[in-house]
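Colleague: I'd like to ask some things about the structure below.
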Amino acid sequence: MSTPNSPFVGIDVGQSQLDSARHDSPSTHSFPNNPEGLVKILTWIQDVSPSLVAVEASGGYERALVHFLSSAGIKVAVVSPNQVLDFARAHNQKAKTDKLDAHNIAYFASIMNPRVFSPPSPVQEKLLALVTRRRQIAHMIIPEKNRLMQASQDIKPRIQEHIDWLEEEEKEIEEKMRDLINSDPDMQEKLKILSSAKGVGNVSAFSMLAELPEMGTIGGKQVSALLGVAPFNRDSGKKKGKRRTGGGRYNARSAFYMATLSAIRWNPVIKRFYERLLSQGKEKKVAIVACMRKFIVILNAMLRDRKPFMVQSSFV
């Protein structure tokens, strides 16, 4: 059982190996990233009895570990590689190995105390899998269309056939996402609320529901940070650096970027805000990021209050 002075554990996840370390010890322990290794690392963690286990996001390789530890009652946090890297650089740690990464993750957790992972509902988990697969298919369609333009006449029919198949698969996945959300009253209500805001189409709403499940339960600053559009300062002494954004959930941010571009055209609140920023001399990229931040805060408040978008409302 953890105590106030319990250590923090960091785990660097690889395709075949799990490197783990305590923030208060130079030792590193390695386990295979397979079912047997999960049992072994759980036994080690239970002996350590940490305050928190921080696992670095690793393209999905961390998913089985996080769910396994969470189901065993271990407090787990999934942390962004970029945040850990920036943290290590800030502490003059420039070398990079898997074992050193584990220590950096543990030390990061001990200082930053990241948010504890909350297991998604079965519907959210299925939706995330569908959203991920749809994105993969969309990414395959783009290069195929580029190849179609450059291909010889003999090859073009084969490429077009593949594009047609991918587009049909994309439509079927979108149908499955709609059916899945319609099977869950809470998700159905959230989709209706999000879609009431001009700029939010089905695809971007599906992405938010799957990849930002915390929306509506946390504050505006927190949801902005999750999306990676919360500004942070780079100040040192009397030197005042520019405020920048970064980190966050890349896939969710990419989908929301497209939703914001649509909102700048069609949503009266976001459109006015964007035009005002431009009139003040802001660069377009800066204005777009500011619009993303404003828009996600509005949508977060809508889900919190369970109210549809209204131009004249308390959260606009």
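Residues are referred to by chain and number: the chain letter is A, B, ... according to the order shown in the structure tokens, the number counts from 1 in that chain, and ligands are numbered separately from 1 in the order shown.
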Give me the stretch 156-260 of chain A side of the contact with stretch 102-115 of chain A, cut-off 12 Å, one line per residue showing its nearest atom pair and distance in Å at one decimal, counting only C-alpha atoms, sorted by chain and residue number, as JSON lines.

Modeller:
```
{"residue": "A:Glu214", "atom": "CA", "partner": "A:Arg115", "partner_atom": "CA", "distance": 11.0}
{"residue": "A:Ile218", "atom": "CA", "partner": "A:Arg115", "partner_atom": "CA", "distance": 11.2}
{"residue": "A:Gln222", "atom": "CA", "partner": "A:Arg115", "partner_atom": "CA", "distance": 10.4}
{"residue": "A:Ala225", "atom": "CA", "partner": "A:Arg115", "partner_atom": "CA", "distance": 11.9}
{"residue": "A:Leu226", "atom": "CA", "partner": "A:Arg115", "partner_atom": "CA", "distance": 10.7}
```

Colleague: Go ahead and write the residues just picked, N, CA and C atoms, as a PDB file, in the first residue's frame.

Modeller:
```
ATOM      1  N   GLU A 214     -12.362  12.975 -21.420  1.00  0.00           N
ATOM      2  CA  GLU A 214     -12.450  13.803 -20.213  1.00  0.00           C
ATOM      3  C   GLU A 214     -13.286  15.052 -20.414  1.00  0.00           C
ATOM      4  N   ILE A 218     -13.618  18.186 -16.823  1.00  0.00           N
ATOM      5  CA  ILE A 218     -12.453  18.947 -16.387  1.00  0.00           C
ATOM      6  C   ILE A 218     -12.616  20.400 -16.818  1.00  0.00           C
ATOM      7  N   GLN A 222      -7.496  22.710 -18.505  1.00  0.00           N
ATOM      8  CA  GLN A 222      -7.065  21.316 -18.568  1.00  0.00           C
ATOM      9  C   GLN A 222      -7.357  20.701 -19.935  1.00  0.00           C
ATOM     10  N   ALA A 225      -4.941  21.937 -22.446  1.00  0.00           N
ATOM     11  CA  ALA A 225      -3.643  21.279 -22.312  1.00  0.00           C
ATOM     12  C   ALA A 225      -3.676  19.881 -22.922  1.00  0.00           C
ATOM     13  N   LEU A 226      -4.773  19.158 -22.719  1.00  0.00           N
ATOM     14  CA  LEU A 226      -4.899  17.827 -23.308  1.00  0.00           C
ATOM     15  C   LEU A 226      -4.840  17.891 -24.831  1.00  0.00           C
TER      16      LEU A 226
END
```

Colleague: A:Phe309: which residues within 10 Å, counting only C-alpha atoms, same-chain residues fewer than 6 positions away excluded, as a compact mmCIF listing (two decimals) with N, CA and C atoms, in the first residue's frame?

Modeller:
```txt
# COMPACT_ATOMS: atom_id res chain seq x y z
N ILE A 193 -25.00 17.32 -28.60
CA ILE A 193 -24.55 18.60 -28.06
C ILE A 193 -23.38 19.15 -28.88
N LEU A 194 -22.38 18.31 -29.15
CA LEU A 194 -21.21 18.75 -29.92
C LEU A 194 -21.60 19.18 -31.33
N SER A 195 -22.49 18.41 -31.94
CA SER A 195 -22.88 18.69 -33.33
C SER A 195 -23.73 19.95 -33.47
N SER A 196 -24.22 20.47 -32.34
CA SER A 196 -25.02 21.70 -32.40
C SER A 196 -24.16 22.93 -32.69
N ALA A 197 -22.84 22.78 -32.55
CA ALA A 197 -21.92 23.89 -32.83
C ALA A 197 -21.46 23.80 -34.27
N LYS A 198 -21.68 24.85 -35.04
CA LYS A 198 -21.24 24.86 -36.42
C LYS A 198 -19.73 24.73 -36.49
N ILE A 298 -15.30 26.26 -25.20
CA ILE A 298 -16.76 26.37 -25.37
C ILE A 298 -17.40 24.99 -25.41
N LEU A 299 -16.84 24.09 -26.22
CA LEU A 299 -17.41 22.75 -26.35
C LEU A 299 -17.32 21.99 -25.03
N ALA A 301 -17.44 23.32 -22.04
CA ALA A 301 -18.49 23.87 -21.18
C ALA A 301 -19.87 23.38 -21.60
N MET A 302 -20.08 23.22 -22.90
CA MET A 302 -21.37 22.70 -23.39
C MET A 302 -21.62 21.30 -22.85
N LEU A 303 -20.59 20.44 -22.88
CA LEU A 303 -20.75 19.08 -22.36
C LEU A 303 -20.90 19.09 -20.85
N PHE A 315 -21.36 30.46 -21.63
CA PHE A 315 -20.01 29.96 -21.83
C PHE A 315 -19.36 30.49 -23.10
N VAL A 316 -20.01 31.35 -23.85
CA VAL A 316 -19.41 31.91 -25.06
C VAL A 316 -18.73 33.22 -24.73
```

Colleague: Go through A:Gly199, A:Gly281, A:Pro308, A:Gly10 and flag the residue nearest A:Tyr257, using only C-alpha atoms for the distances.

Modeller: A:Gly199

Colleague: Excluding A:Lys145 and its own-chain neighbours fewer than 5 positions away, which residues fall within 9 Å of it when counting only C-alpha atoms? Please give them as a compact mmCIF listing (two decimals) with C-alpha atoms, in the first residue's frame.

Modeller:
```txt
# COMPACT_ATOMS: atom_id res chain seq x y z
CA MET A 140 -3.92 5.57 -47.15
CA ILE A 159 -5.20 2.10 -58.19
CA GLN A 160 -8.74 3.41 -58.67
CA ILE A 163 -9.24 3.80 -53.75
```

Colleague: Go ahead and compute the interatomic distance for atom CA of A:Phe295 and atom CA of A:Ala263, in Å to one decimal.

Modeller: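 Atom-to-atom, atom CA of A:Phe295 and atom CA of A:Ala263 are spaced 8.4 Å apart.
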
Colleague: Distance atom CA of A:Thr260-atom CA of A:Lys192, one decimal place?

Modeller: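 Distance reported for this atom pair: 17.9 Å.
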
Colleague: Check the smallest atom-to-atom distance from each of A:Lys126, A:Arg89, A:Arg265, A:Arg133 to A:Ile173 using only C-alpha atoms, then report the winner.

Modeller: A:Arg133

Colleague: With only C-alpha atoms as the basis for distance, which of A:Tyr61, A:Arg293, A:Arg147, A:Pro50 is at the shortest distance from A:Gly73?

Modeller: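 Comparing A:Tyr61, A:Arg293, A:Arg147, A:Pro50 against A:Gly73, the winner is A:Pro50.
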
Colleague: May I ask which of the residues A:Ser207, A:Lys221, A:Asn82, A:Val131 is the closest one to A:Lys171, counting only C-alpha atoms?

Modeller: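 Comparing A:Ser207, A:Lys221, A:Asn82, A:Val131 against A:Lys171, the winner is A:Val131.
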
Colleague: Based on DSSP run over this structure's backbone, return all residues of stretch 50-293 of chain A in helix (DSSP H, G or I), as number ranges by chain.

Modeller: A: 63-71, 81-90, 98-112, 122-150, 156-182, 185-195, 202-211, 220-227, 250-266, 268-279, 284-293

Colleague: Just checking: using only C-alpha atoms, which residue out of A:Arg304, A:Arg135, A:Arg276, A:Lys271 ends up closest to A:Ala252?

Modeller: A:Arg135

Colleague: When you draw a straight line from atom CA of A:Arg306 to atom CA of A:Glu275, how long is it in Å?

Modeller: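 Separation between atom CA of A:Arg306 and atom CA of A:Glu275: 28.6 Å.
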
Colleague: Excluding stretch 117-120 of chain A and its own-chain neighbours fewer than 3 positions away, which residues fall within 7 Å of it when counting only C-alpha atoms? Please give them as a list in words.

Modeller: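 Selected residues are Val76, Ala77, Val78, Gln124 and Glu125 of chain A.
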
Colleague: Using only C-alpha atoms, find the one residue out of A:Val200, A:Val223, A:Val311, A:Met292 that sits nearest to A:Ala259.

Modeller: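 When distances to A:Ala259 are compared using only C-alpha atoms, the smallest one comes from A:Val200.
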
Colleague: Name the residues in contact with A:Arg178 at a cut-off of 10 Å, using only C-alpha atoms, excluding same-chain residues fewer than 6 positions from it; report them as a PyMOL selection string.

Modeller: chain A and resi 127+172+188+191+202+206

Colleague: Find the spatial neighbours of A:Tyr274, counting only C-alpha atoms, within a cut-off of 12 Å - ignore same-chain residues fewer than 2 positions away - and output them as a ChimeraX atom specification.

Modeller: /A:260-272,276-295

Colleague: Compile the contact shell of A:Pro26 as an NGL selection string: residues with an atom at most 10 Å away, counting only C-alpha atoms, same-chain residues fewer than 4 positions apart removed.

Modeller: :A and (21-22 or 99-100 or 103)
